[in-house]
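> Pasting upload10.cif here (mmCIF, N, CA and C atoms):
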```cif
data_start
#
loop_
_atom_site.label_atom_id
_atom_site.label_comp_id
_atom_site.auth_asym_id
_atom_site.auth_seq_id
_atom_site.Cartn_x
_atom_site.Cartn_y
_atom_site.Cartn_z
N MET A 1 -0.27 -20.20 -8.11
CA MET A 1 -0.19 -18.76 -7.91
C MET A 1 -0.12 -18.48 -6.42
N GLY A 2 -0.06 -17.26 -6.10
CA GLY A 2 0.04 -16.84 -4.73
C GLY A 2 1.08 -15.75 -4.62
N VAL A 3 1.02 -15.04 -3.53
CA VAL A 3 1.93 -13.91 -3.35
C VAL A 3 2.57 -13.98 -1.97
N LYS A 4 3.71 -13.33 -1.85
CA LYS A 4 4.35 -13.18 -0.56
C LYS A 4 3.58 -12.09 0.20
N MET A 5 3.13 -12.44 1.39
CA MET A 5 2.28 -11.53 2.15
C MET A 5 3.07 -10.31 2.62
N PRO A 6 2.47 -9.13 2.46
CA PRO A 6 3.12 -7.90 2.93
C PRO A 6 2.84 -7.69 4.41
N PRO A 7 3.59 -6.79 5.04
CA PRO A 7 3.17 -6.36 6.38
C PRO A 7 1.77 -5.74 6.23
N ILE A 8 0.90 -6.00 7.16
CA ILE A 8 -0.49 -5.52 7.08
C ILE A 8 -0.55 -4.00 6.96
N GLU A 9 0.45 -3.32 7.47
CA GLU A 9 0.47 -1.85 7.45
C GLU A 9 0.57 -1.27 6.04
N LYS A 10 0.98 -2.08 5.07
CA LYS A 10 1.04 -1.60 3.69
C LYS A 10 -0.35 -1.30 3.14
N ILE A 11 -1.38 -1.90 3.73
CA ILE A 11 -2.76 -1.60 3.33
C ILE A 11 -3.09 -0.15 3.68
N HIS A 12 -2.67 0.30 4.85
CA HIS A 12 -2.90 1.69 5.26
C HIS A 12 -2.24 2.64 4.26
N GLU A 13 -1.02 2.29 3.84
CA GLU A 13 -0.31 3.14 2.88
C GLU A 13 -1.02 3.14 1.53
N ALA A 14 -1.56 2.00 1.13
CA ALA A 14 -2.31 1.94 -0.13
C ALA A 14 -3.54 2.84 -0.05
N TYR A 15 -4.23 2.81 1.09
CA TYR A 15 -5.39 3.71 1.28
C TYR A 15 -4.98 5.16 1.10
N SER A 16 -3.83 5.53 1.66
CA SER A 16 -3.37 6.92 1.52
C SER A 16 -3.11 7.28 0.06
N ALA A 17 -2.46 6.39 -0.66
CA ALA A 17 -2.16 6.66 -2.07
C ALA A 17 -3.45 6.89 -2.85
N ILE A 18 -4.47 6.10 -2.56
CA ILE A 18 -5.76 6.26 -3.24
C ILE A 18 -6.43 7.56 -2.80
N ALA A 19 -6.49 7.80 -1.50
CA ALA A 19 -7.15 9.01 -0.98
C ALA A 19 -6.49 10.28 -1.48
N ASP A 20 -5.17 10.23 -1.64
CA ASP A 20 -4.43 11.41 -2.11
C ASP A 20 -4.48 11.58 -3.62
N GLY A 21 -5.03 10.62 -4.32
CA GLY A 21 -5.07 10.69 -5.79
C GLY A 21 -3.71 10.49 -6.42
N ARG A 22 -2.87 9.69 -5.76
CA ARG A 22 -1.50 9.46 -6.25
C ARG A 22 -1.38 8.22 -7.13
N VAL A 23 -2.50 7.64 -7.52
CA VAL A 23 -2.49 6.44 -8.37
C VAL A 23 -3.19 6.77 -9.69
N VAL A 24 -2.49 6.61 -10.78
CA VAL A 24 -3.07 6.86 -12.10
C VAL A 24 -3.05 5.54 -12.88
N LEU A 25 -4.24 4.98 -13.11
CA LEU A 25 -4.36 3.73 -13.85
C LEU A 25 -4.38 4.00 -15.34
N LYS A 26 -3.66 3.16 -16.07
CA LYS A 26 -3.64 3.20 -17.53
C LYS A 26 -3.86 1.78 -18.02
N GLU A 27 -3.73 1.58 -19.31
CA GLU A 27 -3.88 0.24 -19.87
C GLU A 27 -2.66 -0.61 -19.54
N GLY A 28 -2.82 -1.59 -18.65
CA GLY A 28 -1.73 -2.50 -18.32
C GLY A 28 -0.67 -1.95 -17.39
N GLU A 29 -0.86 -0.71 -16.92
CA GLU A 29 0.12 -0.15 -15.99
C GLU A 29 -0.52 0.96 -15.17
N ALA A 30 0.18 1.31 -14.10
CA ALA A 30 -0.25 2.42 -13.26
C ALA A 30 0.98 3.14 -12.75
N GLU A 31 0.84 4.43 -12.59
CA GLU A 31 1.89 5.24 -11.97
C GLU A 31 1.42 5.58 -10.56
N VAL A 32 2.29 5.34 -9.59
CA VAL A 32 1.96 5.62 -8.20
C VAL A 32 3.05 6.53 -7.64
N VAL A 33 2.64 7.67 -7.11
CA VAL A 33 3.58 8.65 -6.58
C VAL A 33 3.72 8.43 -5.07
N SER A 34 4.94 8.56 -4.57
CA SER A 34 5.22 8.37 -3.14
C SER A 34 4.55 9.45 -2.30
N SER A 35 4.40 9.19 -1.01
CA SER A 35 3.70 10.12 -0.12
C SER A 35 4.39 11.48 -0.02
N ASP A 36 5.70 11.51 -0.20
CA ASP A 36 6.41 12.80 -0.15
C ASP A 36 6.55 13.42 -1.55
N LEU A 37 5.93 12.77 -2.53
CA LEU A 37 5.87 13.25 -3.92
C LEU A 37 7.22 13.31 -4.63
N THR A 38 8.22 12.60 -4.09
CA THR A 38 9.57 12.66 -4.69
C THR A 38 9.86 11.48 -5.62
N LYS A 39 9.04 10.43 -5.57
CA LYS A 39 9.31 9.25 -6.39
C LYS A 39 8.04 8.80 -7.11
N LYS A 40 8.26 8.23 -8.29
CA LYS A 40 7.15 7.64 -9.05
C LYS A 40 7.47 6.17 -9.26
N TYR A 41 6.51 5.34 -8.93
CA TYR A 41 6.66 3.90 -9.11
C TYR A 41 5.79 3.45 -10.26
N LEU A 42 6.26 2.43 -10.98
CA LEU A 42 5.50 1.88 -12.09
C LEU A 42 5.03 0.48 -11.72
N VAL A 43 3.73 0.30 -11.73
CA VAL A 43 3.11 -1.01 -11.53
C VAL A 43 2.64 -1.48 -12.91
N THR A 44 3.01 -2.70 -13.26
CA THR A 44 2.54 -3.26 -14.53
C THR A 44 1.84 -4.58 -14.26
N TRP A 45 0.98 -4.96 -15.18
CA TRP A 45 0.34 -6.26 -15.07
C TRP A 45 0.01 -6.77 -16.46
N LYS A 46 0.13 -8.06 -16.59
CA LYS A 46 -0.28 -8.75 -17.81
C LYS A 46 -0.93 -10.04 -17.34
N GLU A 47 -2.17 -10.20 -17.72
CA GLU A 47 -2.99 -11.28 -17.21
C GLU A 47 -2.98 -11.16 -15.68
N GLU A 48 -2.48 -12.13 -14.99
CA GLU A 48 -2.52 -12.05 -13.52
C GLU A 48 -1.12 -11.95 -12.90
N VAL A 49 -0.16 -11.44 -13.67
CA VAL A 49 1.21 -11.28 -13.17
C VAL A 49 1.50 -9.78 -13.01
N TYR A 50 1.85 -9.38 -11.80
CA TYR A 50 2.08 -7.98 -11.46
C TYR A 50 3.55 -7.73 -11.13
N THR A 51 4.02 -6.54 -11.50
CA THR A 51 5.35 -6.10 -11.11
C THR A 51 5.25 -4.67 -10.60
N SER A 52 6.21 -4.28 -9.79
CA SER A 52 6.32 -2.89 -9.35
C SER A 52 7.78 -2.62 -8.99
N ASN A 53 8.19 -1.39 -9.21
CA ASN A 53 9.56 -1.04 -8.86
C ASN A 53 9.66 -0.26 -7.55
N ASP A 54 8.64 -0.41 -6.69
CA ASP A 54 8.80 0.14 -5.33
C ASP A 54 9.75 -0.77 -4.56
N ASN A 55 10.38 -0.23 -3.53
CA ASN A 55 11.41 -0.98 -2.79
C ASN A 55 10.90 -2.30 -2.23
N ALA A 56 9.70 -2.30 -1.64
CA ALA A 56 9.19 -3.54 -1.03
C ALA A 56 8.99 -4.63 -2.07
N SER A 57 8.34 -4.28 -3.16
CA SER A 57 8.08 -5.28 -4.20
C SER A 57 9.37 -5.74 -4.86
N TYR A 58 10.26 -4.80 -5.13
CA TYR A 58 11.49 -5.10 -5.86
C TYR A 58 12.49 -5.88 -5.01
N TRP A 59 12.78 -5.38 -3.82
CA TRP A 59 13.84 -5.98 -2.98
C TRP A 59 13.33 -7.08 -2.05
N GLN A 60 12.13 -6.89 -1.48
CA GLN A 60 11.63 -7.86 -0.50
C GLN A 60 10.72 -8.92 -1.11
N GLY A 61 10.16 -8.62 -2.28
CA GLY A 61 9.33 -9.60 -2.97
C GLY A 61 7.90 -9.71 -2.49
N TYR A 62 7.50 -8.84 -1.57
CA TYR A 62 6.10 -8.86 -1.15
C TYR A 62 5.34 -7.73 -1.84
N LEU A 63 4.02 -7.79 -1.76
CA LEU A 63 3.20 -6.77 -2.39
C LEU A 63 3.39 -5.44 -1.67
N GLY A 64 4.01 -4.49 -2.33
CA GLY A 64 4.15 -3.16 -1.77
C GLY A 64 2.85 -2.39 -1.93
N TYR A 65 2.78 -1.23 -1.27
CA TYR A 65 1.54 -0.47 -1.31
C TYR A 65 1.13 -0.05 -2.72
N PRO A 66 2.07 0.20 -3.67
CA PRO A 66 1.60 0.55 -5.01
C PRO A 66 0.76 -0.56 -5.68
N ILE A 67 1.22 -1.80 -5.56
CA ILE A 67 0.44 -2.90 -6.14
C ILE A 67 -0.88 -3.05 -5.38
N LEU A 68 -0.85 -2.95 -4.06
CA LEU A 68 -2.09 -3.08 -3.28
C LEU A 68 -3.10 -2.02 -3.70
N ALA A 69 -2.65 -0.78 -3.88
CA ALA A 69 -3.56 0.29 -4.30
C ALA A 69 -4.18 -0.02 -5.66
N VAL A 70 -3.36 -0.52 -6.58
CA VAL A 70 -3.86 -0.88 -7.91
C VAL A 70 -4.90 -1.99 -7.80
N LEU A 71 -4.60 -3.02 -7.02
CA LEU A 71 -5.54 -4.13 -6.86
C LEU A 71 -6.87 -3.65 -6.26
N MET A 72 -6.81 -2.69 -5.35
CA MET A 72 -8.04 -2.12 -4.78
C MET A 72 -8.83 -1.38 -5.86
N LEU A 73 -8.15 -0.56 -6.63
CA LEU A 73 -8.83 0.21 -7.68
C LEU A 73 -9.35 -0.69 -8.80
N GLN A 74 -8.73 -1.83 -8.99
CA GLN A 74 -9.21 -2.81 -9.99
C GLN A 74 -10.36 -3.66 -9.46
N GLY A 75 -10.66 -3.55 -8.17
CA GLY A 75 -11.73 -4.34 -7.58
C GLY A 75 -11.33 -5.73 -7.19
N LYS A 76 -10.03 -6.02 -7.19
CA LYS A 76 -9.55 -7.36 -6.79
C LYS A 76 -9.38 -7.46 -5.28
N LEU A 77 -9.31 -6.31 -4.62
CA LEU A 77 -9.32 -6.23 -3.16
C LEU A 77 -10.38 -5.21 -2.77
N SER A 78 -10.96 -5.38 -1.60
CA SER A 78 -11.98 -4.44 -1.12
C SER A 78 -11.39 -3.04 -0.97
N LEU A 79 -12.23 -2.06 -1.17
CA LEU A 79 -11.83 -0.67 -0.99
C LEU A 79 -12.99 0.08 -0.36
N ASP A 80 -12.83 0.48 0.88
CA ASP A 80 -13.82 1.30 1.58
C ASP A 80 -13.34 2.74 1.47
N LEU A 81 -13.99 3.52 0.60
CA LEU A 81 -13.53 4.88 0.34
C LEU A 81 -13.66 5.79 1.56
N GLU A 82 -14.62 5.52 2.43
CA GLU A 82 -14.74 6.32 3.65
C GLU A 82 -13.49 6.12 4.52
N ILE A 83 -13.12 4.88 4.72
CA ILE A 83 -11.94 4.58 5.54
C ILE A 83 -10.68 5.07 4.84
N ALA A 84 -10.58 4.87 3.54
CA ALA A 84 -9.42 5.37 2.80
C ALA A 84 -9.27 6.87 3.02
N GLY A 85 -10.37 7.58 3.04
CA GLY A 85 -10.34 9.03 3.22
C GLY A 85 -9.69 9.47 4.51
N TYR A 86 -9.78 8.66 5.54
CA TYR A 86 -9.14 9.00 6.82
C TYR A 86 -7.62 9.09 6.66
N PHE A 87 -7.08 8.37 5.69
CA PHE A 87 -5.63 8.27 5.52
C PHE A 87 -5.08 9.31 4.54
N LYS A 88 -5.91 10.25 4.13
CA LYS A 88 -5.48 11.30 3.21
C LYS A 88 -4.40 12.16 3.88
N GLY A 89 -3.33 12.41 3.11
CA GLY A 89 -2.30 13.32 3.59
C GLY A 89 -1.35 12.78 4.64
N ILE A 90 -1.32 11.48 4.85
CA ILE A 90 -0.41 10.91 5.85
C ILE A 90 1.01 10.92 5.28
N PRO A 91 1.98 11.48 6.01
CA PRO A 91 3.38 11.54 5.52
C PRO A 91 4.13 10.24 5.83
N TRP A 92 3.85 9.19 5.07
CA TRP A 92 4.41 7.87 5.37
C TRP A 92 5.93 7.85 5.38
N LYS A 93 6.55 8.52 4.45
CA LYS A 93 8.02 8.52 4.40
C LYS A 93 8.59 9.07 5.70
N VAL A 94 8.02 10.18 6.16
CA VAL A 94 8.47 10.79 7.42
C VAL A 94 8.25 9.83 8.59
N LEU A 95 7.06 9.26 8.67
CA LEU A 95 6.75 8.35 9.78
C LEU A 95 7.61 7.09 9.75
N ASN A 96 7.73 6.49 8.58
CA ASN A 96 8.52 5.25 8.49
C ASN A 96 9.99 5.51 8.80
N THR A 97 10.49 6.68 8.44
CA THR A 97 11.87 7.05 8.79
C THR A 97 11.98 7.27 10.30
N GLU A 98 11.03 8.00 10.86
CA GLU A 98 11.02 8.28 12.30
C GLU A 98 11.01 6.99 13.12
N TYR A 99 10.24 6.00 12.66
CA TYR A 99 10.11 4.74 13.40
C TYR A 99 11.02 3.64 12.84
N LYS A 100 12.03 4.05 12.05
CA LYS A 100 13.03 3.11 11.52
C LYS A 100 12.38 1.91 10.82
N ASN A 101 11.37 2.20 10.01
CA ASN A 101 10.63 1.19 9.25
C ASN A 101 9.95 0.14 10.11
N ARG A 102 9.67 0.50 11.36
CA ARG A 102 8.80 -0.34 12.18
C ARG A 102 7.37 0.14 11.87
N PHE A 103 6.82 -0.45 10.81
CA PHE A 103 5.56 0.02 10.25
C PHE A 103 4.42 -0.01 11.26
N SER A 104 4.42 -1.01 12.13
CA SER A 104 3.35 -1.11 13.12
C SER A 104 3.37 0.08 14.08
N GLU A 105 4.55 0.58 14.39
CA GLU A 105 4.66 1.76 15.28
C GLU A 105 4.12 3.01 14.59
N ALA A 106 4.40 3.15 13.30
CA ALA A 106 3.88 4.29 12.54
C ALA A 106 2.35 4.24 12.51
N VAL A 107 1.79 3.07 12.25
CA VAL A 107 0.34 2.94 12.20
C VAL A 107 -0.26 3.17 13.57
N LYS A 108 0.40 2.69 14.62
CA LYS A 108 -0.11 2.90 15.97
C LYS A 108 -0.24 4.40 16.27
N LYS A 109 0.75 5.18 15.84
CA LYS A 109 0.71 6.63 16.05
C LYS A 109 -0.49 7.24 15.32
N ILE A 110 -0.72 6.81 14.09
CA ILE A 110 -1.83 7.34 13.30
C ILE A 110 -3.17 6.97 13.95
N LEU A 111 -3.31 5.71 14.35
CA LEU A 111 -4.56 5.27 14.96
C LEU A 111 -4.83 5.96 16.29
N THR A 112 -3.77 6.28 17.03
CA THR A 112 -3.94 7.03 18.28
C THR A 112 -4.51 8.42 17.98
N GLN A 113 -4.01 9.03 16.90
CA GLN A 113 -4.55 10.32 16.47
C GLN A 113 -6.01 10.18 16.05
N PHE A 114 -6.31 9.15 15.30
CA PHE A 114 -7.68 8.93 14.85
C PHE A 114 -8.62 8.77 16.04
N GLU A 115 -8.18 8.00 17.02
CA GLU A 115 -8.99 7.79 18.22
C GLU A 115 -9.27 9.11 18.91
N ALA A 116 -8.25 9.95 19.02
CA ALA A 116 -8.40 11.27 19.65
C ALA A 116 -9.39 12.14 18.88
N GLU A 117 -9.48 11.91 17.56
CA GLU A 117 -10.42 12.66 16.71
C GLU A 117 -11.82 12.05 16.74
N GLY A 118 -11.98 10.93 17.46
CA GLY A 118 -13.28 10.30 17.58
C GLY A 118 -13.63 9.32 16.47
N LEU A 119 -12.65 8.91 15.69
CA LEU A 119 -12.91 7.94 14.62
C LEU A 119 -13.03 6.54 15.22
N ASP A 120 -13.78 5.69 14.54
CA ASP A 120 -14.02 4.32 14.99
C ASP A 120 -12.86 3.42 14.52
N CYS A 121 -11.86 3.27 15.37
CA CYS A 121 -10.68 2.48 15.02
C CYS A 121 -10.98 1.00 14.93
N ASP A 122 -11.99 0.52 15.64
CA ASP A 122 -12.37 -0.89 15.51
C ASP A 122 -12.88 -1.16 14.10
N LYS A 123 -13.67 -0.24 13.57
CA LYS A 123 -14.18 -0.39 12.20
C LYS A 123 -13.02 -0.34 11.20
N ILE A 124 -12.09 0.58 11.41
CA ILE A 124 -10.92 0.70 10.53
C ILE A 124 -10.12 -0.59 10.56
N ASN A 125 -9.82 -1.08 11.76
CA ASN A 125 -9.02 -2.31 11.90
C ASN A 125 -9.73 -3.52 11.29
N ALA A 126 -11.06 -3.59 11.43
CA ALA A 126 -11.81 -4.70 10.85
C ALA A 126 -11.70 -4.68 9.33
N GLU A 127 -11.77 -3.50 8.74
CA GLU A 127 -11.66 -3.39 7.28
C GLU A 127 -10.25 -3.76 6.81
N ILE A 128 -9.24 -3.30 7.54
CA ILE A 128 -7.85 -3.64 7.19
C ILE A 128 -7.65 -5.15 7.26
N ASP A 129 -8.17 -5.77 8.32
CA ASP A 129 -8.05 -7.24 8.48
C ASP A 129 -8.75 -7.97 7.33
N LYS A 130 -9.91 -7.46 6.92
CA LYS A 130 -10.66 -8.07 5.82
C LYS A 130 -9.82 -8.05 4.54
N VAL A 131 -9.24 -6.90 4.23
CA VAL A 131 -8.41 -6.78 3.03
C VAL A 131 -7.21 -7.71 3.13
N TYR A 132 -6.59 -7.77 4.31
CA TYR A 132 -5.41 -8.62 4.49
C TYR A 132 -5.75 -10.08 4.18
N HIS A 133 -6.91 -10.52 4.64
CA HIS A 133 -7.31 -11.91 4.38
C HIS A 133 -7.64 -12.12 2.91
N GLU A 134 -8.13 -11.08 2.24
CA GLU A 134 -8.38 -11.19 0.80
C GLU A 134 -7.07 -11.37 0.04
N ILE A 135 -6.01 -10.75 0.51
CA ILE A 135 -4.70 -10.88 -0.15
C ILE A 135 -4.29 -12.34 -0.20
N GLU A 136 -4.55 -13.06 0.89
CA GLU A 136 -4.18 -14.48 0.96
C GLU A 136 -4.84 -15.29 -0.14
N GLY A 137 -6.02 -14.87 -0.58
CA GLY A 137 -6.76 -15.62 -1.58
C GLY A 137 -6.62 -15.10 -3.00
N LEU A 138 -5.76 -14.11 -3.20
CA LEU A 138 -5.59 -13.54 -4.54
C LEU A 138 -5.10 -14.59 -5.53
N LYS A 139 -5.64 -14.53 -6.72
CA LYS A 139 -5.23 -15.44 -7.79
C LYS A 139 -4.30 -14.69 -8.75
N ILE A 140 -3.23 -14.12 -8.19
CA ILE A 140 -2.24 -13.41 -8.98
C ILE A 140 -0.86 -13.90 -8.58
N SER A 141 0.12 -13.49 -9.33
CA SER A 141 1.51 -13.73 -8.94
C SER A 141 2.29 -12.45 -9.22
N THR A 142 3.49 -12.41 -8.70
CA THR A 142 4.33 -11.24 -8.91
C THR A 142 5.68 -11.70 -9.45
N LYS A 143 6.35 -10.79 -10.10
CA LYS A 143 7.73 -11.03 -10.48
C LYS A 143 8.46 -9.71 -10.34
N ARG A 144 9.77 -9.79 -10.29
CA ARG A 144 10.58 -8.58 -10.11
C ARG A 144 10.47 -7.70 -11.35
N SER A 145 10.28 -6.43 -11.11
CA SER A 145 10.19 -5.47 -12.19
C SER A 145 11.52 -5.37 -12.94
N ALA A 146 11.45 -5.09 -14.22
CA ALA A 146 12.67 -4.85 -15.01
C ALA A 146 13.29 -3.50 -14.64
N LEU A 147 12.47 -2.62 -14.04
CA LEU A 147 12.95 -1.30 -13.62
C LEU A 147 13.39 -1.35 -12.17
N ARG A 148 14.55 -0.75 -11.89
CA ARG A 148 15.01 -0.65 -10.50
C ARG A 148 14.22 0.44 -9.79
N PRO A 149 14.15 0.38 -8.46
CA PRO A 149 13.45 1.43 -7.72
C PRO A 149 14.11 2.79 -7.95
N PRO A 150 13.31 3.86 -7.98
CA PRO A 150 13.89 5.20 -8.13
C PRO A 150 14.68 5.58 -6.90
N LYS A 151 15.73 6.37 -7.10
CA LYS A 151 16.55 6.80 -5.96
C LYS A 151 16.03 8.08 -5.38
#
```
If you took the structure in this file and wrote it as structure tokens, what would it be?


Amino acid sequence: MGVKMPPIEKIHEAYSAIADGRVVLKEGEAEVVSSDLTKKYLVTWKEEVYTSNDNASYWQGYLGYPILAVLMLQGKLSLDLEIAGYFKGIPWKVLNTEYKNRFSEAVKKILTQFEAEGLDCDKINAEIDKVYHEIEGLKISTKRSALRPPK
């Protein structure tokens, strides 16, 4: 088993999806709504095999933020609700478009804002790093979803 590692910034996006209440868990599947509320992604799992029709999971083969959010809510990855709350309402689609999908630049902008608001960015970064290292040890696998990403 094992998974293709995502860009670390996808953890921040997963936190936003959870903080915004855009993840609805059901039996064997979850619906995850995009940050601009225009797309719905379907995450499915059976035993330890996960699929998602978000662009990252479908086209790039790494864990996209919808699967990461589900794994957090399932308790397979750490979830610090206080830190997740900081990411409520982040317009990821707008930021990722603005920075031409240079995810690290989008996160840098957000963290600069957080710093200006007096938030402890060292604590945030430590939690993100912890989750990233947990991903490396996940006992799951992924496969391409039968559903294509929504347009």

> Extract, using all atoms listed in the file, all DNA, RNA and protein residues at most 7 Å from segment 124-129 of chain A, discarding same-chain residues fewer than 6 positions from it, and format them as a VMD selection string.

chain A and resid 11 to 12 83

> Using the chain letters and numbering of this document, enumerate as a list in words the residues selected by the PyMOL selection byres (((chain A and resi 144 and name CA) around 10) and name CA).

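When the PyMOL selection byres (((chain A and resi 144 and name CA) around 10) and name CA) is applied to the shown file, the picked residues are Tyr50, Thr51, Ser52, Asn53, Ser57, Tyr58, Trp59, Gln60, Gly61, Thr142, Lys143, Ser145, Ala146, Leu147 and Arg148 of chain A.
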
> Counting all atoms listed in the file, which residues of segment 51-127 of chain A sit at most 8 Å from some atom of segment 22-44 of chain A, and what is each one's closest atom pair with its distance in Å to one decimal, listed by chain and rising residue number, as a Markdown table?


```
| residue | atom | partner | partner_atom | distance |
| --- | --- | --- | --- | --- |
| A:Thr51 | C | A:Thr44 | N | 4.0 |
| A:Ser52 | CA | A:Val43 | CA | 4.3 |
| A:Asn53 | N | A:Leu42 | C | 4.4 |
| A:Asp54 | N | A:Tyr41 | CA | 5.3 |
| A:Asn55 | N | A:Tyr41 | CA | 7.9 |
| A:Tyr65 | C | A:Val32 | CA | 7.9 |
| A:Pro66 | CA | A:Val32 | CA | 6.0 |
| A:Ile67 | CA | A:Val43 | CA | 6.3 |
| A:Ala69 | C | A:Val23 | CA | 7.2 |
| A:Val70 | N | A:Val23 | CA | 7.2 |
| A:Gly89 | C | A:Ser35 | CA | 7.4 |
| A:Ile90 | C | A:Ser35 | CA | 6.1 |
| A:Pro91 | CA | A:Ser35 | C | 5.6 |
| A:Trp92 | N | A:Ser35 | CA | 5.3 |
| A:Lys93 | N | A:Asp36 | N | 5.6 |
| A:Val94 | N | A:Asp36 | N | 6.9 |
```

> Quick one: DSSP alpha helix (DSSP H) residues in chain A, as JSON, numbers by chain?

{"A": [9, 10, 11, 12, 13, 14, 15, 16, 17, 18, 19, 55, 65, 66, 67, 68, 69, 70, 71, 72, 73, 81, 82, 83, 84, 85, 86, 92, 93, 94, 95, 96, 97, 98, 103, 104, 105, 106, 107, 108, 109, 110, 111, 112, 113, 114, 115, 116, 121, 122, 123, 124, 125, 126, 127, 128, 129, 130, 131, 132, 133, 134, 135, 136]}

> Could you state which residues are captured by the PyMOL selection byres ((chain A and resi 140) around 5) in this file, as number ranges by chain?

A: 1-2, 48, 138-139, 141-142

> Evaluate the PyMOL selection byres ((chain A and resi 18-20) around 7) here and jot the selected residues down as a list in words.

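Output of the PyMOL selection byres ((chain A and resi 18-20) around 7): Glu13, Ala14, Tyr15, Ser16, Ala17, Gly21, Arg22, Val23, Ala69, Ala84, Gly85, Phe87, Lys88 and Gly89 of chain A.
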
> What are the DSSP strand (DSSP E) residues of chain A, as a list of chain:residue names?

A:Val23, A:Val24, A:Leu25, A:Glu29, A:Ala30, A:Glu31, A:Val32, A:Val33, A:Lys40, A:Tyr41, A:Leu42, A:Val43, A:Thr44, A:Trp45, A:Lys46, A:Val49, A:Tyr50, A:Thr51, A:Ser52, A:Ser141, A:Thr142

> Can you measure atom N of Arg102 of chain A to atom N of Tyr132 of chain A for me? One decimal in Å is fine.

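That distance, rounded to one decimal, is 19.6 Å.
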
> How many Å separate atom C of His133 of chain A from atom CA of Glu105 of chain A?

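About the pair atom C of His133 of chain A and atom CA of Glu105 of chain A: they are 22.3 Å apart.
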